[in-house]
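Engineer: protein_25.cif (mmCIF, C-alpha atoms) pasted underneath:
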```cif
data_model
#
loop_
_atom_site.label_atom_id
_atom_site.label_comp_id
_atom_site.auth_asym_id
_atom_site.auth_seq_id
_atom_site.Cartn_x
_atom_site.Cartn_y
_atom_site.Cartn_z
CA MET A 17 -16.88 1.89 -45.11
CA ASP A 18 -17.15 -0.12 -48.36
CA LEU A 19 -17.57 -3.38 -46.41
CA LEU A 20 -20.70 -2.17 -44.65
CA THR A 21 -22.23 -0.70 -47.81
CA THR A 22 -21.74 -4.06 -49.52
CA LEU A 23 -23.20 -5.99 -46.60
CA VAL A 24 -26.27 -3.77 -46.39
CA ASP A 25 -26.92 -4.15 -50.11
CA LYS A 26 -26.59 -7.93 -49.83
CA GLY A 27 -28.81 -8.07 -46.76
CA LEU A 28 -31.58 -6.13 -48.47
CA ARG A 29 -31.41 -8.64 -51.34
CA ARG A 30 -31.15 -11.68 -49.01
CA GLU A 31 -27.81 -12.45 -50.61
CA LEU A 32 -25.22 -14.48 -48.69
CA PRO A 33 -22.05 -12.52 -47.78
CA THR A 34 -18.68 -14.12 -48.37
CA ARG A 35 -16.84 -15.76 -45.50
CA GLU A 36 -14.23 -13.02 -45.78
CA GLU A 37 -16.88 -10.34 -45.34
CA ALA A 38 -18.36 -12.09 -42.29
CA LEU A 39 -14.91 -12.43 -40.74
CA ALA A 40 -14.24 -8.76 -41.46
CA VAL A 41 -17.30 -7.76 -39.41
CA LEU A 42 -15.88 -9.59 -36.39
CA ALA A 43 -12.52 -7.91 -36.96
CA THR A 44 -13.84 -4.34 -37.01
CA SER A 45 -12.55 -1.98 -34.34
CA ASP A 46 -14.45 -0.51 -31.43
CA ASP A 47 -14.14 2.86 -33.18
CA ASP A 48 -16.29 1.46 -36.00
CA LEU A 49 -18.80 -0.32 -33.75
CA LEU A 50 -21.65 2.16 -34.09
CA ASP A 51 -21.24 2.15 -37.87
CA VAL A 52 -21.49 -1.66 -37.84
CA VAL A 53 -24.62 -1.57 -35.65
CA ALA A 54 -26.21 1.10 -37.85
CA ALA A 55 -25.53 -0.89 -41.02
CA ALA A 56 -26.90 -4.17 -39.65
CA GLY A 57 -29.81 -2.19 -38.21
CA LYS A 58 -30.86 -1.19 -41.73
CA VAL A 59 -31.13 -4.85 -42.66
CA ARG A 60 -33.04 -5.68 -39.47
CA ARG A 61 -35.55 -2.86 -40.08
CA ARG A 62 -36.02 -3.85 -43.72
CA TRP A 63 -37.34 -7.29 -42.76
CA PHE A 64 -38.73 -6.74 -39.25
CA GLY A 65 -39.35 -3.02 -38.81
CA ARG A 66 -39.08 -1.91 -35.19
CA ARG A 67 -40.94 -4.90 -33.78
CA VAL A 68 -39.52 -7.05 -30.97
CA LYS A 69 -40.91 -10.53 -30.43
CA LEU A 70 -41.05 -11.68 -26.81
CA ASN A 71 -40.44 -15.34 -25.95
CA TYR A 72 -40.86 -17.00 -22.57
CA LEU A 73 -39.08 -20.10 -21.27
CA VAL A 74 -40.68 -22.81 -19.16
CA ASN A 75 -38.25 -25.45 -17.91
CA LEU A 76 -40.39 -28.60 -17.74
CA LYS A 77 -37.67 -30.76 -16.19
CA SER A 78 -34.49 -29.34 -14.73
CA GLY A 79 -31.06 -30.88 -14.15
CA LEU A 80 -29.86 -34.49 -14.01
CA CYS A 81 -29.05 -34.66 -17.73
CA PRO A 82 -26.96 -37.66 -18.92
CA GLU A 83 -25.21 -35.60 -21.63
CA ASP A 84 -21.82 -33.96 -21.02
CA CYS A 85 -22.17 -30.58 -22.80
CA SER A 86 -19.43 -28.47 -21.21
CA TYR A 87 -21.40 -25.22 -21.23
CA CYS A 88 -24.50 -26.59 -19.51
CA SER A 89 -25.39 -26.27 -15.84
CA GLN A 90 -27.67 -29.30 -16.18
CA ARG A 91 -24.97 -31.59 -17.60
CA LEU A 92 -23.77 -34.92 -16.29
CA GLY A 93 -21.46 -34.20 -13.36
CA SER A 94 -22.44 -30.54 -13.03
CA LYS A 95 -21.83 -29.13 -9.58
CA ALA A 96 -23.80 -25.96 -10.32
CA GLU A 97 -26.34 -25.41 -7.55
CA ILE A 98 -29.34 -25.17 -9.85
CA LEU A 99 -32.93 -26.25 -9.28
CA LYS A 100 -33.42 -29.96 -9.94
CA TYR A 101 -36.90 -31.37 -10.47
CA THR A 102 -38.72 -33.89 -12.60
CA TRP A 103 -41.56 -33.22 -15.06
CA LEU A 104 -43.99 -30.41 -14.31
CA LYS A 105 -47.62 -31.40 -14.67
CA PRO A 106 -49.41 -29.88 -17.69
CA GLU A 107 -51.40 -27.51 -15.49
CA GLN A 108 -48.21 -26.35 -13.73
CA ALA A 109 -46.50 -25.68 -17.05
CA SER A 110 -49.58 -23.87 -18.35
CA GLU A 111 -49.70 -21.68 -15.25
CA ALA A 112 -46.02 -20.80 -15.69
CA ALA A 113 -46.56 -20.04 -19.38
CA ALA A 114 -49.52 -17.78 -18.59
CA ALA A 115 -47.24 -15.49 -16.57
CA GLY A 116 -45.04 -14.95 -19.61
CA VAL A 117 -47.98 -14.41 -21.93
CA ALA A 118 -49.41 -11.85 -19.51
CA GLY A 119 -46.07 -10.04 -19.73
CA GLY A 120 -46.35 -9.80 -23.50
CA ALA A 121 -44.74 -13.05 -24.69
CA LYS A 122 -45.96 -14.27 -28.07
CA ARG A 123 -44.12 -17.61 -27.95
CA VAL A 124 -43.69 -20.05 -25.06
CA CYS A 125 -40.64 -22.29 -25.26
CA ILE A 126 -41.08 -25.51 -23.28
CA VAL A 127 -37.78 -27.24 -22.51
CA ALA A 128 -36.77 -30.48 -20.79
CA SER A 129 -33.28 -31.60 -19.80
CA GLY A 130 -31.93 -34.86 -21.17
CA ARG A 131 -30.72 -36.53 -24.35
CA GLY A 132 -34.05 -36.85 -26.11
CA PRO A 133 -37.68 -37.73 -25.36
CA THR A 134 -39.13 -41.20 -25.00
CA ASP A 135 -42.49 -41.81 -26.66
CA ARG A 136 -44.06 -41.49 -23.21
CA ASP A 137 -42.36 -38.10 -22.83
CA VAL A 138 -43.83 -36.98 -26.16
CA ASP A 139 -47.29 -37.96 -24.87
CA ARG A 140 -46.66 -35.96 -21.70
CA VAL A 141 -45.44 -32.91 -23.63
CA SER A 142 -48.39 -33.17 -26.01
CA GLN A 143 -50.72 -32.81 -23.02
CA THR A 144 -48.71 -29.79 -21.87
CA ILE A 145 -48.95 -28.15 -25.30
CA ALA A 146 -52.72 -28.66 -25.28
CA ALA A 147 -53.01 -27.15 -21.80
CA ILE A 148 -50.95 -24.09 -22.73
CA LYS A 149 -52.88 -23.45 -25.94
CA GLU A 150 -56.24 -23.92 -24.26
CA GLN A 151 -55.42 -21.29 -21.64
CA ASN A 152 -53.57 -18.83 -23.90
CA GLU A 153 -55.31 -18.03 -27.16
CA GLY A 154 -52.99 -17.26 -30.06
CA VAL A 155 -49.75 -18.20 -28.29
CA GLU A 156 -47.04 -20.05 -30.21
CA VAL A 157 -45.45 -23.09 -28.57
CA CYS A 158 -41.88 -24.15 -29.32
CA ALA A 159 -40.73 -27.50 -27.92
CA CYS A 160 -37.10 -28.16 -27.02
CA LEU A 161 -36.65 -31.77 -25.94
CA GLY A 162 -33.27 -32.78 -27.35
CA LEU A 163 -32.57 -35.34 -30.06
CA LEU A 164 -35.70 -36.63 -31.79
CA SER A 165 -36.43 -40.17 -32.92
CA ASP A 166 -38.34 -41.03 -36.09
CA GLY A 167 -41.93 -39.85 -35.98
CA GLN A 168 -41.65 -37.74 -32.83
CA ALA A 169 -41.55 -34.40 -34.66
CA ALA A 170 -44.75 -35.28 -36.50
CA ARG A 171 -46.43 -36.23 -33.21
CA LEU A 172 -45.46 -32.89 -31.66
CA ARG A 173 -46.79 -31.07 -34.71
CA ALA A 174 -50.06 -32.98 -34.48
CA ALA A 175 -50.27 -32.04 -30.77
CA GLY A 176 -50.17 -28.35 -31.70
CA ALA A 177 -46.49 -27.44 -31.45
CA ASP A 178 -45.57 -24.60 -33.80
CA ALA A 179 -41.80 -24.88 -33.65
CA TYR A 180 -38.92 -27.02 -32.46
CA ASN A 181 -35.62 -25.76 -31.08
CA HIS A 182 -32.31 -27.56 -31.27
CA ASN A 183 -29.15 -25.46 -31.43
CA LEU A 184 -25.99 -26.31 -33.35
CA ASN A 185 -24.12 -24.30 -30.69
CA THR A 186 -20.67 -24.23 -32.31
CA SER A 187 -18.81 -25.21 -35.45
CA GLU A 188 -18.64 -28.81 -36.61
CA ALA A 189 -14.84 -28.72 -36.30
CA THR A 190 -14.94 -27.85 -32.58
CA TYR A 191 -18.14 -29.62 -31.55
CA GLY A 192 -16.28 -32.61 -30.14
CA ASP A 193 -14.39 -30.26 -27.80
CA ILE A 194 -17.57 -29.29 -25.94
CA THR A 195 -19.66 -32.49 -26.14
CA THR A 196 -18.75 -36.17 -26.47
CA THR A 197 -22.06 -37.93 -25.79
CA HIS A 198 -23.64 -36.96 -29.12
CA THR A 199 -22.43 -35.45 -32.38
CA TYR A 200 -22.87 -32.32 -34.43
CA ALA A 201 -24.51 -34.49 -37.11
CA ASP A 202 -27.07 -35.68 -34.54
CA ARG A 203 -28.10 -32.08 -33.98
CA VAL A 204 -28.37 -31.30 -37.68
CA GLU A 205 -30.54 -34.39 -38.19
CA THR A 206 -32.96 -33.34 -35.44
CA VAL A 207 -33.42 -29.88 -36.97
CA GLN A 208 -34.09 -31.47 -40.34
CA GLN A 209 -36.63 -33.86 -38.82
CA ALA A 210 -38.48 -30.89 -37.32
CA GLN A 211 -38.54 -29.11 -40.67
CA ALA A 212 -39.72 -32.23 -42.49
CA ALA A 213 -42.65 -32.52 -40.06
CA GLY A 214 -43.75 -28.96 -40.84
CA LEU A 215 -42.48 -27.41 -37.61
CA SER A 216 -40.81 -24.02 -37.75
CA ALA A 217 -37.16 -24.75 -37.03
CA CYS A 218 -35.29 -22.79 -34.35
CA SER A 219 -31.53 -23.35 -34.18
CA GLY A 220 -28.71 -21.12 -33.04
CA LEU A 221 -25.35 -20.87 -31.35
CA ILE A 222 -23.49 -20.15 -28.13
CA ALA A 223 -20.69 -17.58 -28.32
CA GLY A 224 -17.94 -17.15 -25.76
CA MET A 225 -16.81 -20.75 -25.31
CA GLY A 226 -13.27 -20.02 -26.50
CA GLU A 227 -14.07 -20.42 -30.18
CA SER A 228 -12.26 -18.53 -32.95
CA ASP A 229 -13.77 -16.03 -35.35
CA ALA A 230 -13.60 -18.76 -38.01
CA ASP A 231 -15.64 -21.09 -35.77
CA LEU A 232 -18.32 -18.44 -35.32
CA VAL A 233 -18.54 -17.83 -39.05
CA ASP A 234 -18.61 -21.59 -39.71
CA VAL A 235 -21.58 -22.22 -37.43
CA VAL A 236 -23.54 -19.20 -38.70
CA PHE A 237 -22.94 -20.23 -42.33
CA ALA A 238 -24.05 -23.76 -41.40
CA LEU A 239 -27.22 -22.30 -39.90
CA ARG A 240 -27.84 -20.28 -43.05
CA ALA A 241 -27.57 -23.50 -45.08
CA LEU A 242 -29.88 -25.34 -42.65
CA ASP A 243 -32.30 -22.42 -42.93
CA PRO A 244 -34.14 -22.26 -39.59
CA ASP A 245 -36.76 -19.54 -39.18
CA SER A 246 -35.29 -18.49 -35.84
CA VAL A 247 -31.63 -18.20 -34.80
CA PRO A 248 -31.07 -17.70 -31.05
CA VAL A 249 -27.71 -16.16 -30.24
CA ASN A 250 -26.67 -17.23 -26.74
CA PHE A 251 -23.66 -15.85 -24.90
CA LEU A 252 -22.05 -18.35 -22.55
CA ILE A 253 -23.15 -18.05 -18.93
CA PRO A 254 -20.05 -19.40 -17.15
CA PHE A 255 -21.69 -21.31 -14.31
CA GLU A 256 -19.48 -22.32 -11.42
CA GLY A 257 -19.43 -26.10 -11.31
CA THR A 258 -19.16 -26.55 -15.10
CA PRO A 259 -16.01 -27.07 -17.24
CA LEU A 260 -16.40 -23.62 -18.84
CA ALA A 261 -16.81 -21.72 -15.59
CA LYS A 262 -13.64 -19.68 -16.21
CA GLU A 263 -14.39 -18.79 -19.83
CA TRP A 264 -14.98 -15.05 -19.75
CA ASN A 265 -14.11 -14.19 -23.35
CA LEU A 266 -16.70 -11.62 -24.35
CA THR A 267 -16.95 -7.86 -24.11
CA PRO A 268 -20.15 -5.95 -24.90
CA GLN A 269 -18.50 -4.72 -28.09
CA ARG A 270 -17.61 -8.22 -29.27
CA ALA A 271 -21.11 -9.47 -28.48
CA LEU A 272 -22.57 -6.71 -30.66
CA ARG A 273 -20.20 -7.55 -33.52
CA ILE A 274 -21.27 -11.20 -33.32
CA LEU A 275 -24.94 -10.22 -33.49
CA ALA A 276 -24.26 -7.94 -36.46
CA MET A 277 -22.46 -10.74 -38.30
CA VAL A 278 -25.40 -13.08 -37.69
CA ARG A 279 -27.83 -10.47 -39.02
CA PHE A 280 -25.80 -9.95 -42.19
CA VAL A 281 -25.57 -13.70 -42.85
CA CYS A 282 -29.22 -14.38 -41.90
CA PRO A 283 -30.93 -11.12 -42.92
CA ASP A 284 -34.59 -12.23 -43.04
CA VAL A 285 -34.49 -14.69 -40.13
CA GLU A 286 -35.75 -14.06 -36.59
CA VAL A 287 -32.50 -13.37 -34.74
CA ARG A 288 -33.13 -13.86 -31.04
CA LEU A 289 -31.08 -12.23 -28.30
CA ALA A 290 -30.94 -15.16 -25.91
CA GLY A 291 -29.15 -16.45 -22.80
CA GLY A 292 -26.33 -14.38 -21.35
CA ARG A 293 -27.30 -11.00 -22.78
CA GLU A 294 -27.49 -9.41 -19.34
CA VAL A 295 -24.11 -10.85 -18.32
CA HIS A 296 -22.15 -9.82 -21.40
CA LEU A 297 -23.99 -6.87 -23.02
CA ARG A 298 -24.98 -5.26 -19.72
CA SER A 299 -25.82 -1.57 -20.27
CA MET A 300 -25.39 -1.97 -24.04
CA GLN A 301 -28.39 -4.29 -24.37
CA PRO A 302 -30.54 -1.59 -26.05
CA LEU A 303 -28.06 -1.38 -28.93
CA ALA A 304 -28.57 -5.08 -29.55
CA LEU A 305 -32.24 -4.43 -30.35
CA HIS A 306 -31.05 -2.77 -33.55
CA LEU A 307 -29.63 -6.17 -34.56
CA ALA A 308 -31.94 -8.78 -33.03
CA ASN A 309 -35.72 -8.67 -33.46
CA SER A 310 -36.54 -11.15 -30.69
CA ILE A 311 -35.61 -11.64 -27.03
CA PHE A 312 -36.46 -13.86 -24.08
CA LEU A 313 -38.59 -12.16 -21.46
CA GLY A 314 -37.46 -12.57 -17.85
CA ASP A 315 -35.58 -15.64 -16.61
CA TYR A 316 -33.85 -18.48 -18.47
CA LEU A 317 -33.79 -22.20 -17.76
CA THR A 318 -31.46 -22.25 -14.78
CA SER A 319 -30.35 -18.62 -14.45
CA GLU A 320 -32.12 -15.39 -13.66
CA GLY A 321 -32.56 -12.76 -16.33
CA GLN A 322 -33.30 -9.09 -16.23
CA ALA A 323 -36.59 -8.20 -14.57
CA GLY A 324 -39.45 -8.54 -17.04
CA LYS A 325 -40.60 -4.97 -16.44
CA ASP A 326 -37.09 -3.76 -17.25
CA ASP A 327 -37.14 -5.72 -20.53
CA LEU A 328 -40.35 -3.95 -21.52
CA ALA A 329 -39.01 -0.55 -20.47
CA MET A 330 -35.80 -1.15 -22.43
CA ILE A 331 -37.76 -1.95 -25.59
CA ALA A 332 -39.92 1.16 -25.26
CA ASP A 333 -37.03 3.46 -24.34
CA ALA A 334 -35.04 2.28 -27.36
CA GLY A 335 -37.93 3.21 -29.67
CA PHE A 336 -39.11 -0.31 -30.44
CA GLU A 337 -42.50 -1.95 -29.92
CA VAL A 338 -43.56 -5.37 -28.66
CA GLU A 339 -44.87 -7.56 -31.46
CA GLY A 340 -48.50 -8.60 -31.07
CA THR A 341 -50.04 -12.01 -31.67
CA ASP A 342 -51.92 -10.58 -34.66
CA THR A 343 -48.67 -9.87 -36.51
CA SER A 344 -46.56 -12.38 -38.40
CA THR A 345 -42.98 -12.40 -37.11
CA LEU A 346 -41.47 -13.63 -40.35
CA PRO A 347 -41.35 -11.63 -43.59
CA GLU A 348 -44.13 -12.56 -46.00
CA HIS A 349 -41.97 -14.73 -48.24
CA ARG A 350 -40.84 -16.88 -45.31
CA ALA A 351 -44.23 -17.03 -43.62
CA ASP A 352 -45.93 -18.11 -46.85
CA ALA A 353 -43.28 -20.73 -47.54
CA LEU A 354 -43.51 -22.15 -44.01
CA ALA A 355 -47.29 -22.42 -44.33
CA GLY A 356 -46.72 -24.39 -47.52
CA GLY A 357 -44.28 -26.77 -45.84
CA GLY A 358 -41.24 -25.69 -47.82
CA CYS A 359 -38.02 -23.86 -47.03
CA GLY A 360 -38.50 -20.20 -46.19
CA GLY A 361 -35.10 -18.93 -47.22
CA HIS A 362 -35.01 -20.79 -50.51
CA GLY A 363 -38.49 -19.95 -51.71
CA GLY A 364 -40.12 -23.03 -50.95
CA GLY A 365 -40.52 -23.33 -45.18
CA GLY A 366 -38.23 -23.72 -42.50
CA CYS A 367 -36.02 -21.66 -28.82
CA GLY A 368 -31.67 -22.92 -25.54
CA PRO A 369 -31.96 -25.97 -26.43
CA CYS A 370 -33.28 -22.45 -25.75
CA GLY A 371 -31.59 -20.26 -23.28
CA ASP A 372 -28.75 -21.58 -21.17
CA GLY A 373 -29.51 -25.31 -20.74
CA GLU A 374 -29.42 -28.62 -22.60
CA ALA A 375 -32.48 -30.45 -23.60
CA ALA A 376 -34.71 -34.01 -23.04
CA ALA A 377 -35.05 -38.09 -21.97
CA GLU A 378 -35.98 -38.69 -18.44
CA PRO A 379 -32.93 -39.69 -16.38
CA ALA A 380 -33.03 -42.59 -13.97
CA VAL A 381 -32.67 -40.33 -10.95
CA ARG A 382 -35.73 -38.29 -10.08
CA ALA A 383 -35.72 -35.25 -7.84
CA GLU A 384 -38.52 -33.18 -6.43
CA ALA A 385 -38.75 -29.46 -6.90
CA VAL A 386 -37.19 -27.61 -4.00
CA PRO A 387 -38.79 -24.23 -3.44
CA ALA A 388 -36.30 -21.56 -2.55
CA PRO A 389 -36.88 -19.39 0.49
CA ALA A 390 -37.78 -15.86 -0.44
CA GLU A 391 -34.54 -14.44 0.89
CA GLU A 392 -32.56 -16.37 -1.75
CA VAL A 393 -34.12 -14.46 -4.62
CA ARG A 394 -31.83 -11.81 -6.11
CA THR A 395 -32.88 -8.32 -5.15
CA GLU A 396 -33.23 -5.44 -7.58
CA GLU A 397 -30.34 -3.65 -5.93
CA ALA A 398 -27.75 -2.76 -8.59
CA PRO A 399 -24.35 -4.45 -8.14
CA ALA A 400 -21.22 -2.36 -7.95
CA ALA A 401 -19.45 -1.90 -11.26
CA ALA A 402 -16.40 -4.09 -11.84
CA PRO A 403 -13.10 -2.47 -12.82
CA SER A 404 -12.65 -2.13 -16.58
CA GLY A 405 -11.70 -5.41 -18.25
CA GLU A 406 -12.71 -7.66 -15.38
CA ALA A 407 -15.40 -10.35 -15.65
CA ARG A 408 -18.76 -9.51 -14.07
CA THR A 409 -19.23 -12.78 -12.19
CA ASP A 410 -21.72 -11.02 -9.91
CA LEU A 411 -24.26 -11.09 -12.73
CA VAL A 412 -24.54 -14.89 -12.88
CA SER A 413 -27.45 -15.75 -10.62
CA VAL A 414 -29.14 -19.17 -10.38
CA ARG A 415 -32.90 -19.16 -10.93
CA ARG A 416 -34.78 -19.71 -7.66
CA ARG A 417 -38.26 -18.65 -8.76
CA GLY A 418 -40.90 -19.56 -11.29
CA ALA A 419 -41.28 -23.07 -12.74
CA GLY A 420 -40.36 -25.76 -10.23
CA THR A 421 -40.67 -23.47 -7.21
CA GLU A 422 -43.46 -21.97 -5.12
CA LEU A 423 -42.31 -18.44 -5.89
CA PRO A 424 -43.86 -16.26 -8.62
CA PRO A 425 -41.98 -16.08 -11.93
CA ASN A 426 -40.13 -13.13 -13.36
CA ALA A 427 -42.31 -11.96 -16.23
#
```
Output the file's structure as structure tokens, nothing else.
Structural biologist:
Amino acid sequence: MDLLTTLVDKGLRRELPTREEALAVLATSDDDLLDVVAAAGKVRRRWFGRRVKLNYLVNLKSGLCPEDCSYCSQRLGSKAEILKYTWLKPEQASEAAAAGVAGGAKRVCIVASGRGPTDRDVDRVSQTIAAIKEQNEGVEVCACLGLLSDGQAARLRAAGADAYNHNLNTSEATYGDITTTHTYADRVETVQQAQAAGLSACSGLIAGMGESDADLVDVVFALRALDPDSVPVNFLIPFEGTPLAKEWNLTPQRALRILAMVRFVCPDVEVRLAGGREVHLRSMQPLALHLANSIFLGDYLTSEGQAGKDDLAMIADAGFEVEGTDTSTLPEHRADALAGGGCGGHGGGGCGPCGDGEAAAEPAVRAEAVPAPAEEVRTEEAPAAAPSGEARTDLVSVRRRGAGTELPPNA
């Protein structure tokens, strides 16, 4: 297929595809799917080999967010029966992070629900970063606290944060359809503040919210222009109790095409397979490793993920290897540029929120963590397969273990 040959050549040269070429990837047929995966896989291997970076989420403060993001189980007015608790203490967060690091995670993503941090919150998170780094030598810490005010990114960097996550989520044209309490421009500004402070920027998208192919291409092209080092690709987890609960728009094949398009547009960037992969890719998750070079290990912010041991087995069975802390994730040209404080993709540096939730200021209402009884934790028993074409709602399971509970985490 001439399209794929062209896209591989461009990806190996770090050259931006045309919008028409990106749209054509999304329009390919299921008959061509393996060819698309194989082509994008060549680009992935050129820049990242067969390494898979593991990331681990710690939800520092869950629920009760004043923002109205339609996709989020922590949003204002959400009726999703998620865990709700106020700030974890630094030692609690460090203990939770240690479980992920023990499972092989190289980066810990610390997330807090809300609009954005107060200065007091930044002090609190700085203590948490110090605690995590003291206990876990060599671990990277990515903060995800929502919209930043002037000077806060620099304070997080000084506290030891390596990266900052703030997703664009969807195209600028449709952003107002999913959120009204802040703007697309607010999100762009926060990513730019993180980059200006010398933090590695992490910014991605959520697919499956009813957007068009053009919207997906728009947001990925916007991310390419913004030039984060990491692009998480989330697939909507349609939580009951949120406005998008009935949005089941993805098939495993479409999810793979989206990942391939992201890889072609962002060839030398860490593409992270993020929230919703288990729900929408299901048994085709191993194929996605040929496109993404990074995944979240275990659970997400408010939902349960695949068992950590199964993540590790999947990586090994697919012929990939877990990336060690002694290896740079980014290609040399990006890593060197980031170290110099410039923009990695343009020769000069630059997870939701990671995973499935929104991120950061402390709401007026405070709730205590409510440990779940052991019998509420999802068992490892495999659910019955749904008839072809039907949504797998049985795969959406609220997190009842790990951070904010007395139960051990999934790592």
Engineer: Up to 12 Å from (-42.6, -35.3, -19.8) in the file's coordinates: name the residues, counting all atoms listed in the file, as a PyMOL selection string.
Structural biologist: chain A and resi 75-78+101-106+109+126-130+132-145+159-161+375-379
Engineer: Please return as a PyMOL selection string every residue within 9 Å of (-38.1, -7.9, -19.3), taking into account all atoms listed in the file and the file's own coordinates.
Structural biologist: chain A and resi 70+119+311-315+321-331+426-427
Engineer: Mind giving me the straight-line distance from atom CA of A:Asn181 to atom CA of A:Ile98 in Å, one decimal?
Structural biologist: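 Distance between the two atoms: 22.1 Å.
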Engineer: If we count all atoms listed in the file, what is near stretch 203-219 of chain A at a cut-off of 6 Å, once residues fewer than 3 positions away on the same chain are taken out, given as a PyMOL selection string?
Structural biologist: chain A and resi 163-164+169-170+178-183+200+244-247+357+366-367
Engineer: Please compute the atom CA of A:Ser319-atom CA of A:Leu297 distance, one decimal, in Å.
Structural biologist: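 Distance reported for this atom pair: 15.9 Å.
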Engineer: Name the residues in contact with stretch 59-67 of chain A at a cut-off of 8 Å, using all atoms listed in the file, excluding same-chain residues fewer than 3 positions from it; report them as a list in words.
Structural biologist: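 Final neighbour list, sorted by chain and number: Val24, Gly27, Leu28, Ala55, Ala56, Arg279, Phe280, Pro283, Asp284, His306, Leu307, Ala308, Asn309, Gly335, Phe336, Glu337, Val338, Glu339, Thr345, Leu346 and Pro347 of chain A.
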Engineer: Take atom CA of A:Asp47 and atom CA of A:Leu275 and report the distance between them in Å, one decimal.
Structural biologist: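 About the pair atom CA of A:Asp47 and atom CA of A:Leu275: they are 17.0 Å apart.
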Engineer: Could you expand the PyMOL selection byres ((chain A and resi 415) around 12) into the explicit residues it covers here, written as an mmCIF file with C-alpha atoms, keeping the file's coordinate frame?
Structural biologist:
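selection06.cif, written as the output of this step:
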```
data_model
loop_
_atom_site.group_PDB
_atom_site.id
_atom_site.type_symbol
_atom_site.label_atom_id
_atom_site.label_comp_id
_atom_site.auth_asym_id
_atom_site.auth_seq_id
_atom_site.Cartn_x
_atom_site.Cartn_y
_atom_site.Cartn_z
ATOM 1 C CA VAL A 74 -40.680 -22.810 -19.160
ATOM 2 C CA ASN A 75 -38.250 -25.450 -17.910
ATOM 3 C CA SER A 78 -34.490 -29.340 -14.730
ATOM 4 C CA SER A 89 -25.390 -26.270 -15.840
ATOM 5 C CA ALA A 96 -23.800 -25.960 -10.320
ATOM 6 C CA GLU A 97 -26.340 -25.410 -7.550
ATOM 7 C CA ILE A 98 -29.340 -25.170 -9.850
ATOM 8 C CA LEU A 99 -32.930 -26.250 -9.280
ATOM 9 C CA LYS A 100 -33.420 -29.960 -9.940
ATOM 10 C CA PHE A 255 -21.690 -21.310 -14.310
ATOM 11 C CA GLY A 314 -37.460 -12.570 -17.850
ATOM 12 C CA ASP A 315 -35.580 -15.640 -16.610
ATOM 13 C CA TYR A 316 -33.850 -18.480 -18.470
ATOM 14 C CA LEU A 317 -33.790 -22.200 -17.760
ATOM 15 C CA THR A 318 -31.460 -22.250 -14.780
ATOM 16 C CA SER A 319 -30.350 -18.620 -14.450
ATOM 17 C CA GLU A 320 -32.120 -15.390 -13.660
ATOM 18 C CA GLY A 321 -32.560 -12.760 -16.330
ATOM 19 C CA GLN A 322 -33.300 -9.090 -16.230
ATOM 20 C CA ASP A 372 -28.750 -21.580 -21.170
ATOM 21 C CA VAL A 386 -37.190 -27.610 -4.000
ATOM 22 C CA PRO A 387 -38.790 -24.230 -3.440
ATOM 23 C CA ALA A 388 -36.300 -21.560 -2.550
ATOM 24 C CA GLU A 392 -32.560 -16.370 -1.750
ATOM 25 C CA VAL A 393 -34.120 -14.460 -4.620
ATOM 26 C CA ARG A 394 -31.830 -11.810 -6.110
ATOM 27 C CA LEU A 411 -24.260 -11.090 -12.730
ATOM 28 C CA VAL A 412 -24.540 -14.890 -12.880
ATOM 29 C CA SER A 413 -27.450 -15.750 -10.620
ATOM 30 C CA VAL A 414 -29.140 -19.170 -10.380
ATOM 31 C CA ARG A 416 -34.780 -19.710 -7.660
ATOM 32 C CA ARG A 417 -38.260 -18.650 -8.760
ATOM 33 C CA GLY A 418 -40.900 -19.560 -11.290
ATOM 34 C CA ALA A 419 -41.280 -23.070 -12.740
ATOM 35 C CA GLY A 420 -40.360 -25.760 -10.230
ATOM 36 C CA THR A 421 -40.670 -23.470 -7.210
ATOM 37 C CA LEU A 423 -42.310 -18.440 -5.890
ATOM 38 C CA PRO A 424 -43.860 -16.260 -8.620
ATOM 39 C CA PRO A 425 -41.980 -16.080 -11.930
ATOM 40 C CA ASN A 426 -40.130 -13.130 -13.360
#
```
Engineer: Using all atoms listed in the file for the distances, tell me which of A:Ala121, A:Glu348, A:Glu111, A:Phe237 is nearest to A:Lys69.
Structural biologist: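 Of the candidates, the smallest distance to A:Lys69 is held by A:Ala121.
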Engineer: Taking only C-alpha atoms into account, which of A:Glu422, A:Glu36, A:Asp18, A:Glu83 comes nearest A:Arg131?
Structural biologist: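 Checking each candidate against A:Arg131, we get A:Glu83 as the closest.
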Engineer: Applied to the shown file, which residues does the PyMOL selection byres ((chain A and resi 113) around 8) return, written as a VMD selection string?
Structural biologist: chain A and resid 72 to 74 109 to 112 114 to 117 124 148
Engineer: Which residue gives the smallest distance to A:Ala38 among A:Asp25, A:Glu156, A:Asp234, A:Asp166, with all atoms listed in the file counted?
Structural biologist: A:Asp234
